[in-house]
Amino acid sequence: MAFRRTRRQVLQLLGASLFSLPGGAAVRGSLGSAGDASATPPIHFALQTLPFRLETDETLAHPHMPATMAGGLGVFDYNNDGRPDIFFTNGASIATLKKDSPKYSNRLFRNEGKGVFTDVTERAGLAGTGYDNGVAIGDYDN
């Protein structure tokens, strides 16, 4: 039995918004207790799509282990502007494990606020070269 959640449920489980309040203030924190139906969240979630698709180059006729390990996702403030940015890792050609097509590019989206994200992957030098399946982020001086 597959366990599936809607985008709205995932956002609610994360407990933090990637969007902004009116006026541009970044939203952080939780929506309140999971079982507290009377709590009114101080924010409104709006679903936004980003131009990213996970590519693994896998076929059912020739399955390979790397393709079973989906790409990673990191949410962090890469440009220190107080808004959480989003980084996605992506697969590559199974035959070479190289990113030989732009469709395999990792992607970094800068949060402009108010639900707007800009692709800054090339500028940040994070397109990648091989098959990526995870991301870990740390801040050493904060």
# chains A, B, ... in the order shown; residues from 1 in each chain; ligands from 1

$ closest_atom_pairs --of "range 79-99 of chain A" --to "range 47-54 of chain A" --cutoff "12 Å" --atoms "only C-alpha atoms" --output "JSON lines"
{"residue": "A:Asp85", "atom": "CA", "partner": "A:Leu50", "partner_atom": "CA", "distance": 12.0}
{"residue": "A:Ile86", "atom": "CA", "partner": "A:Leu50", "partner_atom": "CA", "distance": 9.9}
{"residue": "A:Phe87", "atom": "CA", "partner": "A:Phe52", "partner_atom": "CA", "distance": 10.3}
{"residue": "A:Phe88", "atom": "CA", "partner": "A:Phe52", "partner_atom": "CA", "distance": 8.1}
{"residue": "A:Thr89", "atom": "CA", "partner": "A:Leu54", "partner_atom": "CA", "distance": 8.1}
{"residue": "A:Asn90", "atom": "CA", "partner": "A:Leu54", "partner_atom": "CA", "distance": 5.8}
{"residue": "A:Gly91", "atom": "CA", "partner": "A:Leu54", "partner_atom": "CA", "distance": 7.0}
{"residue": "A:Ala92", "atom": "CA", "partner": "A:Leu54", "partner_atom": "CA", "distance": 9.8}

$ write_last_selection --atoms "N, CA, C and O atoms" --output "PDB file, in the first residue's frame"
ATOM      1  N   ASP A  85      15.749  29.633   0.802  1.00  0.00           N
ATOM      2  CA  ASP A  85      15.897  29.285  -0.604  1.00  0.00           C
ATOM      3  C   ASP A  85      15.818  27.761  -0.727  1.00  0.00           C
ATOM      4  O   ASP A  85      15.947  27.041   0.270  1.00  0.00           O
ATOM      5  N   ILE A  86      15.624  27.244  -1.938  1.00  0.00           N
ATOM      6  CA  ILE A  86      15.417  25.811  -2.139  1.00  0.00           C
ATOM      7  C   ILE A  86      16.445  25.269  -3.125  1.00  0.00           C
ATOM      8  O   ILE A  86      16.635  25.820  -4.207  1.00  0.00           O
ATOM      9  N   PHE A  87      17.100  24.149  -2.739  1.00  0.00           N
ATOM     10  CA  PHE A  87      18.061  23.475  -3.600  1.00  0.00           C
ATOM     11  C   PHE A  87      17.603  22.045  -3.832  1.00  0.00           C
ATOM     12  O   PHE A  87      17.298  21.324  -2.881  1.00  0.00           O
ATOM     13  N   PHE A  88      17.515  21.642  -5.105  1.00  0.00           N
ATOM     14  CA  PHE A  88      17.151  20.282  -5.491  1.00  0.00           C
ATOM     15  C   PHE A  88      18.357  19.605  -6.138  1.00  0.00           C
ATOM     16  O   PHE A  88      18.996  20.203  -7.002  1.00  0.00           O
ATOM     17  N   THR A  89      18.650  18.365  -5.740  1.00  0.00           N
ATOM     18  CA  THR A  89      19.635  17.586  -6.483  1.00  0.00           C
ATOM     19  C   THR A  89      18.889  16.740  -7.500  1.00  0.00           C
ATOM     20  O   THR A  89      17.705  16.459  -7.344  1.00  0.00           O
ATOM     21  N   ASN A  90      19.602  16.335  -8.537  1.00  0.00           N
ATOM     22  CA  ASN A  90      18.964  15.596  -9.623  1.00  0.00           C
ATOM     23  C   ASN A  90      19.847  14.448 -10.063  1.00  0.00           C
ATOM     24  O   ASN A  90      21.036  14.399  -9.752  1.00  0.00           O
ATOM     25  N   GLY A  91      19.268  13.542 -10.827  1.00  0.00           N
ATOM     26  CA  GLY A  91      19.972  12.368 -11.337  1.00  0.00           C
ATOM     27  C   GLY A  91      20.863  12.703 -12.512  1.00  0.00           C
ATOM     28  O   GLY A  91      21.291  13.841 -12.709  1.00  0.00           O
ATOM     29  N   ALA A  92      21.143  11.675 -13.316  1.00  0.00           N
ATOM     30  CA  ALA A  92      22.002  11.815 -14.487  1.00  0.00           C
ATOM     31  C   ALA A  92      21.713  10.640 -15.411  1.00  0.00           C
ATOM     32  O   ALA A  92      20.881   9.787 -15.110  1.00  0.00           O
TER      33      ALA A  92
END

$ atom_distance --atom1 "CA of Met69 in chain A" --atom2 "CA of Phe117 in chain A"
26.0 Å

$ select_by_dssp --residues "range 61-96 of chain A" --states "helix (DSSP H, G or I)" --output "list in words"
Met65, Pro66, Ala67 and Thr68 of chain A

$ write_last_selection --atoms "N, CA and C atoms" --output "compact mmCIF listing (two decimals), in the first residue's frame"
# COMPACT_ATOMS: atom_id res chain seq x y z
N MET A 65 20.25 0.53 -9.43
CA MET A 65 20.13 0.96 -8.04
C MET A 65 20.12 2.49 -7.88
N PRO A 66 20.97 3.27 -8.55
CA PRO A 66 20.93 4.72 -8.31
C PRO A 66 19.57 5.35 -8.57
N ALA A 67 18.83 4.82 -9.53
CA ALA A 67 17.54 5.40 -9.86
C ALA A 67 16.50 5.18 -8.77
N THR A 68 16.75 4.25 -7.86
CA THR A 68 15.81 4.04 -6.76
C THR A 68 15.99 5.06 -5.66

$ atom_distance --atom1 "CA of Gly125 in chain A" --atom2 "CA of Asp141 in chain A"
21.6 Å

$ atom_distance --atom1 "CA of His64 in chain A" --atom2 "CA of Asp100 in chain A"
17.8 Å

$ closest_residue --among "A:Ala127, A:Val135, A:Pro102, A:Gly113" --to "Asp81 in chain A" --atoms "only C-alpha atoms"
A:Gly113

$ closest_residue --among "A:Glu112, A:Asp139, A:Asp57, A:Glu122" --to "Lys99 in chain A" --atoms "only C-alpha atoms"
A:Asp57

$ closest_residue --among "A:Gly134, A:Lys103, A:Asn111, A:Leu126" --to "Gly82 in chain A" --atoms "only C-alpha atoms"
A:Asn111

$ residues_around --residues "Asn133 in chain A" --least-positions-apart "3" --cutoff "6 Å" --atoms "only C-alpha atoms" --output "MDAnalysis selection string"
chainID A and resid 70:72

$ select_by_dssp --residues "range 58-102 of chain A" --states "strand (DSSP E)" --output "NGL selection string"
:A and (73-76 or 85-88)

$ write_last_selection --atoms "C-alpha atoms" --output "PDB file, in the first residue's frame"
ATOM      1  CA  LEU A  73      16.135  18.722  -1.253  1.00  0.00           C
ATOM      2  CA  GLY A  74      17.670  21.390   0.938  1.00  0.00           C
ATOM      3  CA  VAL A  75      16.019  24.516   2.292  1.00  0.00           C
ATOM      4  CA  PHE A  76      18.451  27.174   3.499  1.00  0.00           C
ATOM      5  CA  ASP A  85      15.897  29.285  -0.604  1.00  0.00           C
ATOM      6  CA  ILE A  86      15.417  25.811  -2.139  1.00  0.00           C
ATOM      7  CA  PHE A  87      18.061  23.475  -3.600  1.00  0.00           C
ATOM      8  CA  PHE A  88      17.151  20.282  -5.491  1.00  0.00           C
TER       9      PHE A  88
END

$ decode --residues "range 47-59 of chain A" --atoms "all heavy atoms" --output "mmCIF file, in the first residue's frame"
data_model
loop_
_atom_site.group_PDB
_atom_site.id
_atom_site.type_symbol
_atom_site.label_atom_id
_atom_site.label_comp_id
_atom_site.auth_asym_id
_atom_site.auth_seq_id
_atom_site.Cartn_x
_atom_site.Cartn_y
_atom_site.Cartn_z
ATOM 1 N N LEU A 47 -0.047 27.306 -2.832
ATOM 2 C CA LEU A 47 0.795 26.384 -3.579
ATOM 3 C C LEU A 47 1.442 27.106 -4.755
ATOM 4 O O LEU A 47 0.789 27.837 -5.488
ATOM 5 C CB LEU A 47 -0.026 25.199 -4.071
ATOM 6 C CG LEU A 47 -0.617 24.323 -2.972
ATOM 7 C CD1 LEU A 47 -1.451 23.202 -3.573
ATOM 8 C CD2 LEU A 47 0.476 23.752 -2.086
ATOM 9 N N GLN A 48 2.731 26.893 -4.899
ATOM 10 C CA GLN A 48 3.497 27.477 -5.997
ATOM 11 C C GLN A 48 4.223 26.339 -6.699
ATOM 12 O O GLN A 48 4.677 25.405 -6.054
ATOM 13 C CB GLN A 48 4.530 28.475 -5.473
ATOM 14 C CG GLN A 48 3.963 29.609 -4.666
ATOM 15 C CD GLN A 48 3.178 30.578 -5.528
ATOM 16 O OE1 GLN A 48 3.438 30.708 -6.703
ATOM 17 N NE2 GLN A 48 2.208 31.239 -4.933
ATOM 18 N N THR A 49 4.346 26.414 -7.989
ATOM 19 C CA THR A 49 5.116 25.409 -8.708
ATOM 20 C C THR A 49 6.475 25.983 -9.069
ATOM 21 O O THR A 49 6.625 27.191 -9.277
ATOM 22 C CB THR A 49 4.396 24.960 -9.993
ATOM 23 O OG1 THR A 49 4.193 26.098 -10.829
ATOM 24 C CG2 THR A 49 3.054 24.318 -9.676
ATOM 25 N N LEU A 50 7.468 25.121 -9.087
ATOM 26 C CA LEU A 50 8.815 25.494 -9.484
ATOM 27 C C LEU A 50 9.176 24.684 -10.727
ATOM 28 O O LEU A 50 8.779 23.526 -10.841
ATOM 29 C CB LEU A 50 9.814 25.190 -8.370
ATOM 30 C CG LEU A 50 9.655 25.986 -7.088
ATOM 31 C CD1 LEU A 50 10.601 25.485 -6.017
ATOM 32 C CD2 LEU A 50 9.893 27.460 -7.348
ATOM 33 N N PRO A 51 9.936 25.261 -11.635
ATOM 34 C CA PRO A 51 10.284 24.544 -12.866
ATOM 35 C C PRO A 51 11.383 23.499 -12.619
ATOM 36 O O PRO A 51 12.520 23.652 -13.032
ATOM 37 C CB PRO A 51 10.752 25.652 -13.806
ATOM 38 C CG PRO A 51 11.267 26.711 -12.894
ATOM 39 C CD PRO A 51 10.417 26.632 -11.656
ATOM 40 N N PHE A 52 11.039 22.434 -11.894
ATOM 41 C CA PHE A 52 11.983 21.364 -11.610
ATOM 42 C C PHE A 52 11.284 20.034 -11.768
ATOM 43 O O PHE A 52 10.147 19.871 -11.348
ATOM 44 C CB PHE A 52 12.530 21.470 -10.185
ATOM 45 C CG PHE A 52 13.408 20.298 -9.809
ATOM 46 C CD1 PHE A 52 14.727 20.266 -10.214
ATOM 47 C CD2 PHE A 52 12.905 19.239 -9.084
ATOM 48 C CE1 PHE A 52 15.534 19.185 -9.897
ATOM 49 C CE2 PHE A 52 13.701 18.157 -8.754
ATOM 50 C CZ PHE A 52 15.021 18.134 -9.158
ATOM 51 N N ARG A 53 11.981 19.082 -12.370
ATOM 52 C CA ARG A 53 11.470 17.723 -12.490
ATOM 53 C C ARG A 53 12.628 16.774 -12.192
ATOM 54 O O ARG A 53 13.698 16.896 -12.772
ATOM 55 C CB ARG A 53 10.942 17.471 -13.893
ATOM 56 C CG ARG A 53 10.440 16.065 -14.084
ATOM 57 C CD ARG A 53 9.957 15.848 -15.495
ATOM 58 N NE ARG A 53 9.733 14.439 -15.711
ATOM 59 C CZ ARG A 53 8.736 13.954 -16.402
ATOM 60 N NH1 ARG A 53 7.891 14.779 -16.975
ATOM 61 N NH2 ARG A 53 8.600 12.669 -16.560
ATOM 62 N N LEU A 54 12.405 15.820 -11.299
ATOM 63 C CA LEU A 54 13.414 14.840 -10.967
ATOM 64 C C LEU A 54 13.586 13.890 -12.147
ATOM 65 O O LEU A 54 12.621 13.284 -12.619
ATOM 66 C CB LEU A 54 13.013 14.058 -9.715
ATOM 67 C CG LEU A 54 13.977 12.974 -9.262
ATOM 68 C CD1 LEU A 54 15.306 13.594 -8.850
ATOM 69 C CD2 LEU A 54 13.380 12.174 -8.140
ATOM 70 N N GLU A 55 14.809 13.774 -12.647
ATOM 71 C CA GLU A 55 15.118 12.903 -13.781
ATOM 72 C C GLU A 55 16.101 11.830 -13.331
ATOM 73 O O GLU A 55 17.143 12.138 -12.755
ATOM 74 C CB GLU A 55 15.746 13.704 -14.930
ATOM 75 C CG GLU A 55 14.844 14.756 -15.523
ATOM 76 C CD GLU A 55 13.735 14.184 -16.398
ATOM 77 O OE1 GLU A 55 13.748 12.971 -16.694
ATOM 78 O OE2 GLU A 55 12.845 14.952 -16.781
ATOM 79 N N THR A 56 15.780 10.555 -13.605
ATOM 80 C CA THR A 56 16.666 9.462 -13.207
ATOM 81 C C THR A 56 17.138 8.627 -14.389
ATOM 82 O O THR A 56 17.998 7.779 -14.217
ATOM 83 C CB THR A 56 15.978 8.525 -12.215
ATOM 84 O OG1 THR A 56 14.860 7.921 -12.846
ATOM 85 C CG2 THR A 56 15.542 9.277 -10.967
ATOM 86 N N ASP A 57 16.588 8.813 -15.578
ATOM 87 C CA ASP A 57 16.966 8.060 -16.773
ATOM 88 C C ASP A 57 16.715 6.570 -16.606
ATOM 89 O O ASP A 57 17.371 5.741 -17.220
ATOM 90 C CB ASP A 57 18.439 8.318 -17.122
ATOM 91 C CG ASP A 57 18.795 7.806 -18.522
ATOM 92 O OD1 ASP A 57 17.925 7.830 -19.410
ATOM 93 O OD2 ASP A 57 19.940 7.361 -18.705
ATOM 94 N N GLU A 58 15.801 6.196 -15.765
ATOM 95 C CA GLU A 58 15.540 4.792 -15.485
ATOM 96 C C GLU A 58 14.452 4.231 -16.394
ATOM 97 O O GLU A 58 13.538 4.940 -16.787
ATOM 98 C CB GLU A 58 15.099 4.628 -14.032
ATOM 99 C CG GLU A 58 14.991 3.197 -13.572
ATOM 100 C CD GLU A 58 16.267 2.421 -13.757
ATOM 101 O OE1 GLU A 58 17.293 2.823 -13.193
ATOM 102 O OE2 GLU A 58 16.255 1.412 -14.476
ATOM 103 N N THR A 59 14.584 2.965 -16.721
ATOM 104 C CA THR A 59 13.534 2.246 -17.434
ATOM 105 C C THR A 59 13.202 0.998 -16.640
ATOM 106 O O THR A 59 14.069 0.444 -15.945
ATOM 107 C CB THR A 59 13.980 1.842 -18.855
ATOM 108 O OG1 THR A 59 15.038 0.894 -18.748
ATOM 109 C CG2 THR A 59 14.425 3.051 -19.661
#
